[in-house]
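The structure under discussion appears below in the form of structure tokens.
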Amino acid sequence: MSGSAKKTAEARPPGPRPAPCDIAARMGVSENAVTGLISSRQRALRRSEAEGRTVVFSRDTLDQLETFAKRRGLHVNALVRRIVETALDDDMIDAILDDAP
């Protein structure tokens with residue numbers, strides 16, 4: 001697996017997020033510590049997203065990818081990033097599209 005795809009594979013699987021109080025209780029820390037860490041992570045994600053670009057896929061396409069994402073414990077967005085990063089890292093774009101003259 002490529003370096004960029006490895007980062008994506010660590011994404012949180014889809015589903016309901018546990019409440020900060022539940023996380024705090026399980027970890028034996030204060031709820032304030034948990035909410036502080038969550039806020040810090042969200043700021044970091046916003047910064048990294050600001051450096052990227054948005055690509056829009058149809059709902060039908062995303063729905064079709066959902067099964068593949070769940071199998072890997074990924075959110076659909078993480079799966080799409082992983083697919084594209086892997087295709088780029090392995091120089092597979094021309095082979096996938098098969099439209100080069």
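For the structure tokens, the naming scheme is as follows: chains receive sequential letters (A, B, ...) according to their order of presentation, residues are indexed from 1 within each chain, and ligands are indexed from 1 in presentation order.
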
### Task
Write out as a count of residues only each polymer residue whose atoms come within 10 Å of Val80 of chain A, counting only C-alpha atoms; drop sequence neighbours fewer than 2 positions from it.
15

Which polymer residues have any atom within 12 Å of an atom of Ile23 of chain A, counting only C-alpha atoms, with same-chain residues fewer than 6 positions away left out, as an mmCIF file with C-alpha atoms, in the first residue's frame?
data_model
loop_
_atom_site.group_PDB
_atom_site.id
_atom_site.type_symbol
_atom_site.label_atom_id
_atom_site.label_comp_id
_atom_site.auth_asym_id
_atom_site.auth_seq_id
_atom_site.Cartn_x
_atom_site.Cartn_y
_atom_site.Cartn_z
ATOM 1 C CA ARG A 17 -19.868 9.231 16.898
ATOM 2 C CA VAL A 29 -10.150 11.589 31.572
ATOM 3 C CA SER A 30 -12.269 14.721 31.882
ATOM 4 C CA GLU A 31 -14.884 15.605 29.313
ATOM 5 C CA ASN A 32 -13.070 18.944 28.851
ATOM 6 C CA ALA A 33 -9.916 17.072 27.823
ATOM 7 C CA VAL A 34 -11.864 15.112 25.221
ATOM 8 C CA THR A 35 -13.652 18.150 23.791
ATOM 9 C CA LEU A 37 -8.749 17.175 21.663
ATOM 10 C CA ILE A 38 -11.757 16.998 19.339
#

Would you give me, as a ChimeraX atom specification, the residues in chain A that DSSP reads as helix (DSSP H, G or I)?
-> /A:3-9,20-27,31-50,59-71,76-89,93-97

Residue selection dump (C-alpha atoms) as a compact mmCIF listing (two decimals), in the first residue's frame:
# COMPACT_ATOMS: atom_id res chain seq x y z
CA GLY A 3 2.24 6.06 1.69
CA SER A 4 -0.66 8.36 0.89
CA ALA A 5 -3.13 5.47 0.83
CA LYS A 6 -1.92 4.30 4.25
CA LYS A 7 -2.91 7.66 5.76
CA THR A 8 -6.39 7.35 4.29
CA ALA A 9 -6.84 3.79 5.56
CA PRO A 20 -17.46 13.21 24.48
CA CYS A 21 -18.75 12.22 27.93
CA ASP A 22 -18.77 8.53 26.89
CA ILE A 23 -15.23 8.78 25.52
CA ALA A 24 -14.07 10.53 28.68
CA ALA A 25 -15.62 7.86 30.90
CA ARG A 26 -14.00 5.03 28.92
CA MET A 27 -10.60 6.72 28.92
CA GLU A 31 -14.88 15.61 29.31
CA ASN A 32 -13.07 18.94 28.85
CA ALA A 33 -9.92 17.07 27.82
CA VAL A 34 -11.86 15.11 25.22
CA THR A 35 -13.65 18.15 23.79
CA GLY A 36 -10.33 20.00 23.65
CA LEU A 37 -8.75 17.18 21.66
CA ILE A 38 -11.76 17.00 19.34
CA SER A 39 -11.57 20.75 18.70
CA SER A 40 -7.84 20.52 18.02
CA ARG A 41 -8.37 17.71 15.52
CA GLN A 42 -11.17 19.59 13.77
CA ARG A 43 -8.95 22.67 13.37
CA ALA A 44 -6.18 20.50 11.91
CA LEU A 45 -8.61 18.90 9.45
CA ARG A 46 -9.94 22.30 8.35
CA ARG A 47 -6.37 23.44 7.67
CA SER A 48 -5.60 20.33 5.62
CA GLU A 49 -8.89 20.58 3.71
CA ALA A 50 -8.14 24.21 2.92
CA ARG A 59 -25.23 10.35 -4.92
CA ASP A 60 -25.64 7.17 -7.01
CA THR A 61 -21.85 6.82 -7.40
CA LEU A 62 -21.26 7.34 -3.68
CA ASP A 63 -24.02 4.85 -2.83
CA GLN A 64 -22.39 2.24 -5.08
CA LEU A 65 -19.06 2.76 -3.32
CA GLU A 66 -20.59 2.43 0.16
CA THR A 67 -20.35 -1.40 0.18
CA PHE A 68 -16.66 -1.29 -0.72
CA ALA A 69 -16.00 1.37 1.91
CA LYS A 70 -17.80 -0.56 4.67
CA ARG A 71 -15.82 -3.72 3.82
CA VAL A 76 -16.85 6.62 1.31
CA ASN A 77 -14.84 9.84 1.02
CA ALA A 78 -11.77 8.11 2.47
CA LEU A 79 -12.23 5.22 0.02
CA VAL A 80 -12.42 7.58 -2.97
CA ARG A 81 -9.26 9.39 -1.82
CA ARG A 82 -7.53 6.03 -1.37
CA ILE A 83 -8.54 4.84 -4.85
CA VAL A 84 -7.31 8.02 -6.55
CA GLU A 85 -4.09 8.17 -4.52
CA THR A 86 -3.34 4.51 -5.29
CA ALA A 87 -4.04 4.98 -9.01
CA LEU A 88 -1.66 7.96 -9.05
CA ASP A 89 1.03 6.31 -6.90
CA ILE A 93 -4.54 6.31 -14.71
CA ASP A 94 -3.95 5.48 -18.39
CA ALA A 95 -4.60 1.77 -17.78
CA ILE A 96 -7.83 2.47 -15.89
CA LEU A 97 -9.22 4.88 -18.48
